[in-house]
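This report concerns only the one structure given below.
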Amino acid sequence: MKEFKFDTLVIGGGSAGMAAALEVSKRGFSVAVAERENSMGGILNQCIHNGFGLHHFKEELSGPAYAEKFIDMVETSNIEVFIDMTVMDIEEAGDLKYVYGLSRITGMIKFSVKTVVFANGCRERNRGSIGTPGTRPSGVFTAGLAQRLVNMEGYIPGKECVIVGSGDIGLIMARRMTWIGAEVKAVIEIQPYPAGLTRNIVQCLNDFDIPLYLSHVVGDIHGKDRVESIDVIPMENGIQQKDKSFNIKCDSLLLAVGLVPDNELAQKIGISISPETNGPIVDRQLMTAKNGIFACGNVLHVHDLVDFVTEESERCGNYVADYLDKKTPSDQFRTLPGKNVKYIVPNFYSPSEENKFYLRTMIVKNRAELIASVNGKEIFNKVLKHIQPSEMISFDIPKDSVHISDCTENTLEVRIV
Amino acid sequence: MKKDMICISCPLGCRISAEWENENEITVTGNKCPRGIVYGREEILSPKRVVTATININSSWISRIPVMTTGTIPKGQIDSLLNKIYRMDLDIPILRDDIIIKNIDNTGIDLIATRSVKT
């Protein structure tokens, strides 16, 4: 078995992995990236629509173009990229970590590293996750898989399809399926309001007169070898109105029903996972409960904009370099999601530093107020024009805003009212 | 005449309304930036959209190359553009931003590759 030594191994060569690796490399440390696919770029490679990079590059790019700007930077850096490589296991050995990667090009490789960055993204929730009843014919796809088949492999997954879920992935796929010549019969959404951006409702559904059924669920899938039709049931006050169900003929069902961070390997090595984000619990430096193991991007929490993934991962790369430089982090205390807040990342903050947070709310509201308090005392507030669960909120609390006291827990609680 | 719409120029999605007596004088209100005025007028006169798609490419490692229009084109021309795109076969090498179709139907807009496929 071949053996390599690096300061850092980054797992995943998508937007998070590339941004983190570049920052570690810029600070003079040796970095390797292990990428499972045959090229870097991750999920961006199949997101061929425009709208990426408005924050980071101040221009509107397609997903592959956004990725390629980073790939170009990685290729001119000293970063070593191992493509077609899947990381199988991590062992801790004192201050070192042994990471085992498997590739059909190089066989098994043992990386001996000081730090590891999890940047391996998320997975799609599927039919099992939402418990859709019915037969099990072919023609049921997750939306991301269908997107990959259409945009990268050049296959058409179906000619008459129904999409479940009105998040941006579902909406973008409705337009894509229409543009490749399929008929999109309906988009079904369990919530009473659409989950995606309004602009996507306009340009992906209204432009093609695709009906959006809010407060509806799929009650049954019919068909033996191939999907033949589905039953759709309206919801009233959270209860399925089975007597009002109706049938839609279709040959395929695309499920855009959410994403979950892919933490199989992290859990296997005993990293504790947050029940709110499904990602690892991390400190202010985005380091997991295991020394020298960090996480950033969609594996930490699912983002809705790649620009935020880049920001978080660049920061993570610098924290990794700080760790390698043996900088002692300042004292840290817990953060806690308060009223109307689903989660807040990171799970710790440091009163003597500037702290950057990402959070997701549970409510839809115009002109909401975000309030942070420590030991019951308000230390920060921000007015937000419009909030909804599908749009992540970011904010910074300036350094020295908190006067901590020795005798209490100094937990930072963030609520939205 | 009056039409309420949602501006799609950026993710903010302003609720705007366009009012007009004749098509030369369209007043747009509710927009938070100048792009809203342009969008509101165009939506009345000739709605336009950015088109993204993929084209077959003879590469050793990938089947399709992503492409995008450099700006918006009239909605009525989208289907003919897509039909043209789906009949094309491209050869390597193609670099990101290479022009695939120049001046689509005299719109002044080009179709460009948004990814490099060199091998």
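Every chain in the structure tokens has a letter given in the order shown (A, B, ...), and although residue numbers restart at 1 in each chain, ligands are simply numbered from 1 in the order shown.
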
Fill in: Distance filter 6 Å, only C-alpha atoms, chain B against chain A, as a ChimeraX atom specification
/B:8,13,52,63-64,66,114-115

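Shell of Gly94 of chain A at 12 Å, with only C-alpha atoms counted and residues fewer than 4 places along the chain excluded, is Tyr98, Ser112, Val113, Lys114, Thr115, Lys290, Asn291 and Gly292 of chain A.
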
Can you list every residue in segment 187-334 of chain A that DSSP puts in strand (DSSP E), as a short mmCIF file (atom, residue, chain, number, x, y, z; two decimals) with N, CA and C atoms, in the first residue's frame?
```
data_model
loop_
_atom_site.label_atom_id
_atom_site.label_comp_id
_atom_site.auth_asym_id
_atom_site.auth_seq_id
_atom_site.Cartn_x
_atom_site.Cartn_y
_atom_site.Cartn_z
N VAL A 187 -46.43 20.12 -9.87
CA VAL A 187 -45.49 20.12 -8.75
C VAL A 187 -46.33 20.04 -7.48
N ILE A 188 -46.01 19.08 -6.62
CA ILE A 188 -46.78 18.83 -5.40
C ILE A 188 -45.97 19.30 -4.19
N LEU A 212 -49.02 24.23 -9.56
CA LEU A 212 -48.37 23.97 -8.28
C LEU A 212 -49.47 23.67 -7.27
N TYR A 213 -49.47 22.45 -6.72
CA TYR A 213 -50.47 22.07 -5.71
C TYR A 213 -49.88 22.24 -4.32
N HIS A 216 -50.57 19.61 -0.58
CA HIS A 216 -50.95 18.33 -1.17
C HIS A 216 -49.81 17.33 -0.97
N VAL A 217 -50.17 16.04 -0.94
CA VAL A 217 -49.14 14.99 -0.86
C VAL A 217 -49.45 13.89 -1.87
N VAL A 218 -48.41 13.08 -2.19
CA VAL A 218 -48.64 11.92 -3.04
C VAL A 218 -49.13 10.78 -2.15
N GLY A 219 -50.32 10.27 -2.43
CA GLY A 219 -50.91 9.24 -1.58
C GLY A 219 -50.67 7.83 -2.07
N ASP A 220 -50.36 7.69 -3.36
CA ASP A 220 -50.16 6.35 -3.91
C ASP A 220 -49.42 6.44 -5.24
N ILE A 221 -48.61 5.42 -5.52
CA ILE A 221 -47.95 5.30 -6.82
C ILE A 221 -48.49 4.04 -7.48
N HIS A 222 -48.98 4.15 -8.73
CA HIS A 222 -49.52 2.99 -9.45
C HIS A 222 -48.58 2.61 -10.60
N SER A 229 -49.37 6.10 -12.95
CA SER A 229 -50.07 7.29 -12.44
C SER A 229 -49.81 7.40 -10.95
N ILE A 230 -50.20 8.56 -10.40
CA ILE A 230 -50.09 8.75 -8.95
C ILE A 230 -51.41 9.34 -8.42
N ASP A 231 -51.68 9.10 -7.15
CA ASP A 231 -52.82 9.75 -6.50
C ASP A 231 -52.30 10.93 -5.69
N VAL A 232 -53.02 12.03 -5.78
CA VAL A 232 -52.63 13.23 -5.03
C VAL A 232 -53.73 13.54 -4.03
N ILE A 233 -53.34 13.78 -2.77
CA ILE A 233 -54.33 14.03 -1.71
C ILE A 233 -54.14 15.44 -1.15
N PRO A 234 -55.23 16.24 -1.12
CA PRO A 234 -55.13 17.56 -0.48
C PRO A 234 -55.05 17.43 1.05
N MET A 235 -54.41 18.41 1.69
CA MET A 235 -54.32 18.44 3.15
C MET A 235 -55.15 19.63 3.64
N GLU A 236 -55.87 19.41 4.73
CA GLU A 236 -56.55 20.53 5.38
C GLU A 236 -56.23 20.47 6.86
N ILE A 239 -54.40 17.44 7.97
CA ILE A 239 -55.03 16.11 7.84
C ILE A 239 -55.30 15.82 6.36
N GLN A 240 -54.94 14.59 5.92
CA GLN A 240 -55.17 14.21 4.53
C GLN A 240 -56.66 14.03 4.26
N PHE A 246 -57.19 12.89 -6.12
CA PHE A 246 -57.36 12.79 -7.58
C PHE A 246 -56.12 12.12 -8.17
N ASN A 247 -56.27 11.68 -9.42
CA ASN A 247 -55.24 10.87 -10.06
C ASN A 247 -54.56 11.66 -11.18
N ILE A 248 -53.23 11.56 -11.29
CA ILE A 248 -52.51 12.19 -12.40
C ILE A 248 -51.74 11.11 -13.14
N LYS A 249 -51.96 10.99 -14.48
CA LYS A 249 -51.23 10.03 -15.29
C LYS A 249 -49.82 10.56 -15.53
N SER A 252 -43.19 9.18 -14.70
CA SER A 252 -42.06 9.35 -13.79
C SER A 252 -42.42 10.31 -12.67
N LEU A 253 -41.74 10.11 -11.54
CA LEU A 253 -41.97 10.92 -10.35
C LEU A 253 -40.59 11.39 -9.86
N LEU A 254 -40.40 12.70 -9.79
CA LEU A 254 -39.12 13.25 -9.35
C LEU A 254 -39.28 13.79 -7.93
N LEU A 255 -38.46 13.30 -7.02
CA LEU A 255 -38.59 13.69 -5.61
C LEU A 255 -37.53 14.72 -5.23
N LEU A 259 -32.38 17.60 1.58
CA LEU A 259 -31.00 17.10 1.57
C LEU A 259 -30.55 16.86 3.01
N VAL A 260 -29.69 15.87 3.20
CA VAL A 260 -29.15 15.57 4.52
C VAL A 260 -27.62 15.48 4.43
N PRO A 261 -26.89 16.14 5.33
CA PRO A 261 -25.43 16.02 5.32
C PRO A 261 -25.00 14.55 5.36
N ILE A 293 -9.86 17.48 13.30
CA ILE A 293 -10.82 17.09 12.25
C ILE A 293 -11.88 18.19 12.13
N PHE A 294 -11.95 18.78 10.95
CA PHE A 294 -12.82 19.94 10.71
C PHE A 294 -13.94 19.56 9.74
N ALA A 295 -14.95 20.44 9.62
CA ALA A 295 -16.02 20.21 8.65
C ALA A 295 -16.50 21.54 8.09
N PHE A 333 -17.71 29.28 24.43
CA PHE A 333 -18.94 28.89 25.12
C PHE A 333 -19.96 28.46 24.08
N ARG A 334 -21.02 27.80 24.55
CA ARG A 334 -22.02 27.22 23.65
C ARG A 334 -22.90 28.29 23.00
#
```

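Neighbours of Glu19 of chain B closer than or equal to 7 Å, with only C-alpha atoms counted and sequence neighbours fewer than 5 positions away skipped, come out as Met1, Lys2, Lys3, Ile26, Thr27 and Val28 of chain B.
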
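The nearest approach to Val306 of chain A among the residues A:Val345, A:Cys250, A:Leu44, A:Ala195, with only C-alpha atoms taken into account, belongs to A:Leu44.
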
Response to the item:
Shortest contact to Pro47 of chain B, candidates B:Ile65, B:Met5, B:Ile85, B:Ile100, atoms counted only C-alpha atoms, goes to B:Met5

Fill in: Residues within 12 Å of segment 4-8 of chain A, only C-alpha atoms, excluding chain neighbours under 2 positions, as a ChimeraX atom specification
/A:1-2,10-11,17,20-25,27-34,78-82,95-101,108-118,292-294,317-321,323-325

Discussion item. For the structure I just gave you, how does DSSP split chain B - specifically, which residues are helix (DSSP H, G or I)? Reply as a ChimeraX atom specification.
Written reply: /B:34-45,75-86,104-106

Practice prompt. Give me, please, the distance in Å between atom CA of Leu300 of chain A and atom CA of Gly279 of chain A, quoted to one decimal.
Written response: 4.4 Å

Worksheet entry | segment 405-417 of chain A surroundings by only C-alpha atoms, 9 Å radius, close-in-sequence under 4 positions cut, as JSON, numbers by chain | {"A": [333, 334, 335, 336, 337, 338, 339, 340, 341, 344, 348, 349, 361, 363, 368, 369, 370, 371, 372, 373, 374, 375, 376]}

What lies within 6 Å of Asp110 of chain B using only C-alpha atoms, ignoring chain neighbours under 3 positions off, as a PDB file with N, CA and C atoms, in the first residue's frame?
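The file below, out27.pdb, is the result:
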```
ATOM      1  N   THR B  69     -26.860  31.222 -22.697  1.00  0.00           N
ATOM      2  CA  THR B  69     -26.889  32.437 -23.518  1.00  0.00           C
ATOM      3  C   THR B  69     -26.224  33.564 -22.733  1.00  0.00           C
ATOM      4  N   THR B  70     -25.553  34.477 -23.452  1.00  0.00           N
ATOM      5  CA  THR B  70     -24.825  35.551 -22.763  1.00  0.00           C
ATOM      6  C   THR B  70     -25.774  36.616 -22.212  1.00  0.00           C
ATOM      7  N   ILE B 101     -22.739  29.326 -30.581  1.00  0.00           N
ATOM      8  CA  ILE B 101     -23.558  29.926 -31.645  1.00  0.00           C
ATOM      9  C   ILE B 101     -23.421  31.434 -31.515  1.00  0.00           C
ATOM     10  N   LYS B 102     -22.991  32.085 -32.605  1.00  0.00           N
ATOM     11  CA  LYS B 102     -22.812  33.535 -32.553  1.00  0.00           C
ATOM     12  C   LYS B 102     -24.112  34.223 -32.961  1.00  0.00           C
ATOM     13  N   ASN B 103     -24.467  35.288 -32.260  1.00  0.00           N
ATOM     14  CA  ASN B 103     -25.608  36.139 -32.608  1.00  0.00           C
ATOM     15  C   ASN B 103     -26.871  35.322 -32.928  1.00  0.00           C
ATOM     16  N   ILE B 104     -27.422  34.671 -31.911  1.00  0.00           N
ATOM     17  CA  ILE B 104     -28.583  33.789 -32.064  1.00  0.00           C
ATOM     18  C   ILE B 104     -29.744  34.541 -32.722  1.00  0.00           C
TER      19      ILE B 104
END
```

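Of note, atom CA of Ser116 of chain B and atom CA of Met85 of chain A are spaced 22.0 Å apart.
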
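Using only C-alpha atoms, the smallest distance between any of B:Arg96, B:Lys118, B:Arg41, B:Arg49 and Gly71 of chain B comes from B:Arg49.
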
Worksheet entry | Selection near Ser166 of chain A, 6 Å with only C-alpha atoms, sequence-local residues under 4 positions removed, as number ranges by chain | A: 170-171, 189, 194-196

Take the selection from the previous step and output its residues with C-alpha atoms, as a PDB file, in the first residue's frame.
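And here's selection-v6.pdb as it stands now:
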```
ATOM      1  CA  GLY A 170     -37.727  20.836  -7.772  1.00  0.00           C
ATOM      2  CA  LEU A 171     -38.519  24.077  -9.590  1.00  0.00           C
ATOM      3  CA  GLU A 189     -45.875  20.646  -2.157  1.00  0.00           C
ATOM      4  CA  PRO A 194     -43.794  27.347  -1.946  1.00  0.00           C
ATOM      5  CA  ALA A 195     -40.343  26.450  -0.590  1.00  0.00           C
ATOM      6  CA  GLY A 196     -38.296  27.932  -3.427  1.00  0.00           C
TER       7      GLY A 196
END
```

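The smallest atom-to-atom distance between Tyr193 of chain A and any of A:Gly14, A:Gly167, A:Pro280, A:Pro398, using only C-alpha atoms, is found for A:Gly167.
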
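Computed from the coordinates, the atom CA of Gln77 of chain B to atom CA of Ile210 of chain A distance equals 19.8 Å.
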